[in-house]
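**Student:** Structure below; questions to follow.
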Amino acid sequence: MPRLAASRLKELLNELRIVVVNGPRQCGKTTLLQSCRRFGDATFATLDDPSQLAIARDDPRTFARQQPQPVIID
Ligand SMILES: Nc1ncnc2c1ncn2[C@@H]1O[C@H](COP(=O)(O)OP(=O)(O)O)[C@@H](O)[C@H]1O
Ligand SMILES: [Mg+2]
C-alpha cells in the first residue's frame with residue numbers, strides 16, 4: 001500500500017541533513033526506509049544486526065563515520 005509518509009519523507013530528505021522516522025513497532029518504519037532507497041543510492045545499516053548494534057553502542061562516532069553517505073540507519 002502506498003504511504004502518505006513516503007512523499008513527505010522524500011521532501012524532507014531534500015531539505016534536511018538528518019531526518020528521523022519515529023513510530024510504534026510494526027507500523028512500517030523499516031519498510032518505508034527500504035522503499036526510500038530508490039530516491040538515490042544510500043547505505044543501509046540495520047541495528048537489528050547484533051554486530052552492527054554492538055559497534056554503534058560501543059563507538060557511535062566511528063560507526064557513523066564508517067558508513068558511506070548518505071546513510072539510512074534502521
Ligand atoms: N504500507 C504498508 N502497507 C501494508 N503493510 C505494510 C506497509 N508497510 C509495512 N507493512 C507490513 O507491516 C509489517 C511491519 O512493517 P515493518 O516495516 O517491519 O515495521 P517497523 O519497522 O515499524 O517495526 C510488515 O509485515 C510489513 O510487511
Ligand atoms: Mg523495523
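Ordering of the C-alpha cells sets the chain letters (A, B, ...), residue numbers begin anew at 1 in every chain, and ligands are numbered from 1 in the order given.
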Could you give me, as a list in words, every polymer residue with an atom at most 8 Å away from an atom of ligand 2, counting only C-alpha atoms and all ligand atoms?
**Tutor:** Arg25, Gln26, Gly28, Lys29, Thr30, Thr31, Asp48 and Asp74 of chain A
**Student:** Per DSSP on the backbone, filter chain A down to the residues in strand (DSSP E) and report them as a PyMOL selection string.
**Tutor:** chain A and resi 43-45+71-73
**Student:** Write out as a list in words the residues lying within 8 Å of stretch 61-67 of chain A, counting only C-alpha atoms and excluding same-chain residues fewer than 6 positions away.
**Tutor:**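 Result of the neighbour search: Thr43, Ala45 and Ile55 of chain A.
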**Student:** Interatomic distance between atom CA of A:Asn22 and atom CA of A:Leu53?
**Tutor:**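 The value is 18.1 Å.
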**Student:** Could you tell me how far atom CA of A:Glu11 lies from atom CA of A:Gly40, in Å and to one decimal?
**Tutor:**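 The value is 13.2 Å.
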**Student:** What does the distance between atom 3 (N, counted along the ligand's line) of ligand 1 and atom CA of A:Val19 come to in Å, to one decimal place?
**Tutor:**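 It comes out at 21.1 Å.
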